Amino acid sequence: MDGSQRRGLVIGGVAAVAVFAVLFVVVGADRVIETLLAAEPALVAATFGFALCWLVAWSLMLRTVLGSLEVSLSVATSFLVYSGAVFANNITPFGQAGGEPVAAALIARVSGSRYETGLVGIASVDVLNVVPSISIVFLGVGYYATTAAVGERIEIAVAVAVALIAAIVTGIGLGWRYRRVVVDRLPSAVGGLAGRLDRFDAATVEAGIANRLGNFFEDIERVGTSPGRLAAAVGLSLSGWLFQAAALTVAFAAVGHQISPVVPLFAVPLAYVAGATPLPGGLGGIEAAFVALLVPTTGVPASAVTAAVLVFRGGVYWMPVAIGGVSASVLGVRTVQ
């Protein structure tokens, strides 16, 4: 980790602490702590168990996608690799955008594949996760609307999520449609800029970028020609989202409140939109988004909602950070940074 990365992590960490401080002041830190201390240990453990099931499901999803690229990983290794990827995402600003390069390097290291193949694998997992998330958001909001009025806050969250997803999908579609133009023109443009610096040779830089881009798009095509594996990957993605929704439902039970399991179906994907911030893994922002969504939709006091969200995030954020940190160390992430 270089100086700029370290400064970014420190600034993001300070910002996350500031967001938590504001949240606790608003909802009442003493009541949150009191609720957490009274939480049912068995149900807290069940929350972490569902979170672990989510992590396993999405690690198997990564293994399935890599299989279409002829990269073979054992179940255990894919779990360690995906945990390392989640760890990288959770400690870098802007979530996936910051952690995926490290994840790609981990995949390349443990499998002996090309770096760009690992990048296609982990990026494909992120893209495929969008499909079931959109589905369960609309299904969840639709069903919720039949039993209660959908508030303005939910409408805004859905609109923001749809707009962000549409922008990402549009960007991916344009990049794919004009991939030949990208491969033909981007290397020479970057090589020309790099050649102005004494320590870079323009021709070498151009050839290297052209080769990596060509390999990258070839690997994407290979993923798209495996419909059976794609269907299995989407199924595993859906199961992961459902495990997270179950974890949040049980987290509420752990702090003494029963909520409709429909609410987490749309709250979990919507709250993760806040992960697209300079905060490390969305820390602080995602918790605040959950509280803003869940207070009006569950009718549970804000302090209890915050406590339940903290229990839930303990399972889906802090547990993967612990497991992934060890995994990254075991797999030798220091040698690929």
# chains A, B, ... in the order shown; residues from 1 in each chain; ligands from 1
$ closest_atom_pairs --of "region 45-112 of chain A" --to "region 119-139 of chain A" --cutoff "10 Å" --atoms "only C-alpha atoms" --output "CSV"
residue,atom,partner,partner_atom,distance
A:Trp58,CA,A:Val125,CA,8.1
A:Ser59,CA,A:Val125,CA,9.4
A:Met61,CA,A:Val125,CA,7.0
A:Leu62,CA,A:Val125,CA,6.1
A:Arg63,CA,A:Gly121,CA,8.7
A:Thr64,CA,A:Gly121,CA,9.3
A:Val65,CA,A:Gly121,CA,6.0
A:Leu66,CA,A:Gly121,CA,5.6
A:Gly67,CA,A:Gly121,CA,9.2
A:Ser68,CA,A:Gly121,CA,9.1
A:Leu69,CA,A:Gly121,CA,7.8
A:Val71,CA,A:Gly121,CA,9.4
A:Tyr82,CA,A:Ile122,CA,8.6
A:Ala85,CA,A:Ile122,CA,8.3
A:Gln96,CA,A:Asp126,CA,8.0
A:Ala97,CA,A:Ala123,CA,9.7
A:Glu100,CA,A:Ile122,CA,6.8
A:Pro101,CA,A:Leu119,CA,6.8
A:Val102,CA,A:Leu119,CA,9.0
A:Ala103,CA,A:Ile122,CA,7.0
A:Ala104,CA,A:Leu119,CA,4.5
A:Ala105,CA,A:Leu119,CA,7.8
A:Leu106,CA,A:Leu119,CA,9.8
A:Ile107,CA,A:Leu119,CA,8.2
A:Ala108,CA,A:Leu119,CA,8.7
$ write_last_selection --atoms "C-alpha atoms" --output "compact mmCIF listing (two decimals), in the first residue's frame"
# COMPACT_ATOMS: atom_id res chain seq x y z
CA TRP A 58 -21.01 -15.95 -3.72
CA SER A 59 -17.63 -17.68 -3.50
CA MET A 61 -20.55 -18.11 -7.84
CA LEU A 62 -17.01 -16.87 -8.47
CA ARG A 63 -15.84 -20.47 -8.86
CA THR A 64 -18.62 -21.10 -11.41
CA VAL A 65 -17.73 -18.02 -13.46
CA LEU A 66 -14.03 -18.86 -13.40
CA GLY A 67 -14.91 -22.37 -14.57
CA SER A 68 -16.29 -20.87 -17.78
CA LEU A 69 -12.86 -19.27 -18.24
CA VAL A 71 -9.77 -21.56 -14.40
CA TYR A 82 -13.66 -14.42 -2.58
CA ALA A 85 -11.89 -9.92 -2.52
CA GLN A 96 -15.70 -2.77 -5.82
CA ALA A 97 -13.88 -0.10 -7.82
CA GLU A 100 -11.36 -5.63 -7.62
CA PRO A 101 -7.76 -5.12 -8.85
CA VAL A 102 -6.51 -6.84 -5.69
CA ALA A 103 -9.09 -9.61 -6.13
CA ALA A 104 -7.96 -10.13 -9.73
CA ALA A 105 -4.36 -10.38 -8.60
CA LEU A 106 -5.33 -12.96 -5.96
CA ILE A 107 -7.13 -15.07 -8.56
CA ALA A 108 -4.18 -14.88 -10.92
$ closest_residue --among "A:Leu36, A:Val19, A:Ile323, A:Leu236" --to "Val309 (chain A)" --atoms "only C-alpha atoms"
A:Leu36
$ closest_residue --among "A:Ala46, A:Pro41, A:Val250, A:Gly118" --to "Val81 (chain A)" --atoms "only C-alpha atoms"
A:Gly118
$ closest_residue --among "A:Ile259, A:Val273, A:Val27, A:Val326" --to "Thr306 (chain A)" --atoms "only C-alpha atoms"
A:Val27
$ select_by_dssp --residues "region 218-302 of chain A" --states "helix (DSSP H, G or I)" --output "ChimeraX atom specification"
/A:218-224,227-254,262-275,285-298,302
$ residues_around --residues "Gly84 (chain A)" --least-positions-apart "6" --cutoff "6 Å" --atoms "only C-alpha atoms" --output "number ranges by chain"
A: 324, 327-328
$ residues_around --residues "Gln244 (chain A)" --least-positions-apart "6" --cutoff "9 Å" --atoms "only C-alpha atoms" --output "list in words"
Thr47, Phe50, Ala51, Cys53, Trp54, Pro264, Leu265, Val268, Phe312 and Val316 of chain A
$ atom_distance --atom1 "CA of Asn90 (chain A)" --atom2 "CA of Pro278 (chain A)"
11.3 Å
$ atom_distance --atom1 "CA of Val321 (chain A)" --atom2 "CA of Thr92 (chain A)"
11.5 Å
$ atom_distance --atom1 "CA of Pro93 (chain A)" --atom2 "CA of Tyr272 (chain A)"
13.7 Å
$ decode --residues "region 72-83 of chain A" --atoms "all heavy atoms" --output "PDB file, in the first residue's frame"
ATOM      1  N   SER A  72      -9.638 -23.378 -12.824  1.00  0.00           N
ATOM      2  CA  SER A  72     -10.162 -24.334 -11.854  1.00  0.00           C
ATOM      3  C   SER A  72      -9.686 -23.994 -10.439  1.00  0.00           C
ATOM      4  O   SER A  72      -8.484 -23.879 -10.196  1.00  0.00           O
ATOM      5  CB  SER A  72      -9.719 -25.756 -12.224  1.00  0.00           C
ATOM      6  OG  SER A  72     -10.197 -26.691 -11.276  1.00  0.00           O
ATOM      7  N   LEU A  73     -10.650 -23.806  -9.540  1.00  0.00           N
ATOM      8  CA  LEU A  73     -10.348 -23.575  -8.132  1.00  0.00           C
ATOM      9  C   LEU A  73     -11.154 -24.547  -7.291  1.00  0.00           C
ATOM     10  O   LEU A  73     -12.306 -24.846  -7.622  1.00  0.00           O
ATOM     11  CB  LEU A  73     -10.700 -22.147  -7.706  1.00  0.00           C
ATOM     12  CG  LEU A  73      -9.925 -20.973  -8.316  1.00  0.00           C
ATOM     13  CD1 LEU A  73     -10.455 -19.658  -7.742  1.00  0.00           C
ATOM     14  CD2 LEU A  73      -8.437 -21.095  -8.056  1.00  0.00           C
ATOM     15  N   SER A  74     -10.577 -25.029  -6.214  1.00  0.00           N
ATOM     16  CA  SER A  74     -11.323 -25.878  -5.298  1.00  0.00           C
ATOM     17  C   SER A  74     -12.341 -25.017  -4.549  1.00  0.00           C
ATOM     18  O   SER A  74     -12.253 -23.780  -4.539  1.00  0.00           O
ATOM     19  CB  SER A  74     -10.384 -26.549  -4.305  1.00  0.00           C
ATOM     20  OG  SER A  74      -9.825 -25.592  -3.420  1.00  0.00           O
ATOM     21  N   VAL A  75     -13.310 -25.673  -3.921  1.00  0.00           N
ATOM     22  CA  VAL A  75     -14.326 -24.943  -3.157  1.00  0.00           C
ATOM     23  C   VAL A  75     -13.672 -24.125  -2.053  1.00  0.00           C
ATOM     24  O   VAL A  75     -14.000 -22.952  -1.846  1.00  0.00           O
ATOM     25  CB  VAL A  75     -15.358 -25.919  -2.567  1.00  0.00           C
ATOM     26  CG1 VAL A  75     -16.302 -25.193  -1.614  1.00  0.00           C
ATOM     27  CG2 VAL A  75     -16.152 -26.596  -3.681  1.00  0.00           C
ATOM     28  N   ALA A  76     -12.722 -24.741  -1.341  1.00  0.00           N
ATOM     29  CA  ALA A  76     -12.055 -24.044  -0.239  1.00  0.00           C
ATOM     30  C   ALA A  76     -11.257 -22.851  -0.742  1.00  0.00           C
ATOM     31  O   ALA A  76     -11.304 -21.757  -0.162  1.00  0.00           O
ATOM     32  CB  ALA A  76     -11.140 -25.012   0.510  1.00  0.00           C
ATOM     33  N   THR A  77     -10.523 -23.046  -1.855  1.00  0.00           N
ATOM     34  CA  THR A  77      -9.709 -21.955  -2.392  1.00  0.00           C
ATOM     35  C   THR A  77     -10.583 -20.819  -2.900  1.00  0.00           C
ATOM     36  O   THR A  77     -10.270 -19.646  -2.694  1.00  0.00           O
ATOM     37  CB  THR A  77      -8.793 -22.455  -3.523  1.00  0.00           C
ATOM     38  OG1 THR A  77      -7.945 -23.481  -3.014  1.00  0.00           O
ATOM     39  CG2 THR A  77      -7.935 -21.319  -4.069  1.00  0.00           C
ATOM     40  N   SER A  78     -11.691 -21.159  -3.554  1.00  0.00           N
ATOM     41  CA  SER A  78     -12.584 -20.103  -4.048  1.00  0.00           C
ATOM     42  C   SER A  78     -13.170 -19.315  -2.884  1.00  0.00           C
ATOM     43  O   SER A  78     -13.355 -18.089  -2.985  1.00  0.00           O
ATOM     44  CB  SER A  78     -13.705 -20.706  -4.904  1.00  0.00           C
ATOM     45  OG  SER A  78     -14.536 -21.565  -4.140  1.00  0.00           O
ATOM     46  N   PHE A  79     -13.441 -19.985  -1.759  1.00  0.00           N
ATOM     47  CA  PHE A  79     -13.941 -19.274  -0.582  1.00  0.00           C
ATOM     48  C   PHE A  79     -12.887 -18.305  -0.043  1.00  0.00           C
ATOM     49  O   PHE A  79     -13.185 -17.153   0.284  1.00  0.00           O
ATOM     50  CB  PHE A  79     -14.331 -20.268   0.510  1.00  0.00           C
ATOM     51  CG  PHE A  79     -14.783 -19.617   1.800  1.00  0.00           C
ATOM     52  CD1 PHE A  79     -16.052 -19.067   1.898  1.00  0.00           C
ATOM     53  CD2 PHE A  79     -13.934 -19.537   2.887  1.00  0.00           C
ATOM     54  CE1 PHE A  79     -16.474 -18.454   3.067  1.00  0.00           C
ATOM     55  CE2 PHE A  79     -14.335 -18.925   4.061  1.00  0.00           C
ATOM     56  CZ  PHE A  79     -15.609 -18.388   4.149  1.00  0.00           C
ATOM     57  N   LEU A  80     -11.641 -18.770   0.024  1.00  0.00           N
ATOM     58  CA  LEU A  80     -10.568 -17.902   0.503  1.00  0.00           C
ATOM     59  C   LEU A  80     -10.359 -16.723  -0.441  1.00  0.00           C
ATOM     60  O   LEU A  80     -10.174 -15.586  -0.006  1.00  0.00           O
ATOM     61  CB  LEU A  80      -9.270 -18.700   0.643  1.00  0.00           C
ATOM     62  CG  LEU A  80      -9.228 -19.753   1.748  1.00  0.00           C
ATOM     63  CD1 LEU A  80      -7.920 -20.535   1.689  1.00  0.00           C
ATOM     64  CD2 LEU A  80      -9.397 -19.112   3.118  1.00  0.00           C
ATOM     65  N   VAL A  81     -10.387 -16.991  -1.747  1.00  0.00           N
ATOM     66  CA  VAL A  81     -10.174 -15.928  -2.725  1.00  0.00           C
ATOM     67  C   VAL A  81     -11.293 -14.900  -2.661  1.00  0.00           C
ATOM     68  O   VAL A  81     -11.047 -13.682  -2.642  1.00  0.00           O
ATOM     69  CB  VAL A  81     -10.066 -16.513  -4.152  1.00  0.00           C
ATOM     70  CG1 VAL A  81     -10.123 -15.394  -5.195  1.00  0.00           C
ATOM     71  CG2 VAL A  81      -8.783 -17.297  -4.311  1.00  0.00           C
ATOM     72  N   TYR A  82     -12.551 -15.370  -2.615  1.00  0.00           N
ATOM     73  CA  TYR A  82     -13.656 -14.419  -2.581  1.00  0.00           C
ATOM     74  C   TYR A  82     -13.665 -13.642  -1.268  1.00  0.00           C
ATOM     75  O   TYR A  82     -13.975 -12.446  -1.253  1.00  0.00           O
ATOM     76  CB  TYR A  82     -14.996 -15.114  -2.789  1.00  0.00           C
ATOM     77  CG  TYR A  82     -16.102 -14.109  -2.978  1.00  0.00           C
ATOM     78  CD1 TYR A  82     -16.215 -13.410  -4.174  1.00  0.00           C
ATOM     79  CD2 TYR A  82     -16.996 -13.820  -1.951  1.00  0.00           C
ATOM     80  CE1 TYR A  82     -17.196 -12.441  -4.349  1.00  0.00           C
ATOM     81  CE2 TYR A  82     -17.979 -12.858  -2.118  1.00  0.00           C
ATOM     82  CZ  TYR A  82     -18.072 -12.174  -3.312  1.00  0.00           C
ATOM     83  OH  TYR A  82     -19.032 -11.206  -3.477  1.00  0.00           O
ATOM     84  N   SER A  83     -13.316 -14.304  -0.172  1.00  0.00           N
ATOM     85  CA  SER A  83     -13.212 -13.595   1.112  1.00  0.00           C
ATOM     86  C   SER A  83     -12.151 -12.513   1.028  1.00  0.00           C
ATOM     87  O   SER A  83     -12.332 -11.402   1.557  1.00  0.00           O
ATOM     88  CB  SER A  83     -12.878 -14.579   2.235  1.00  0.00           C
ATOM     89  OG  SER A  83     -13.885 -15.545   2.396  1.00  0.00           O
TER      90      SER A  83
END
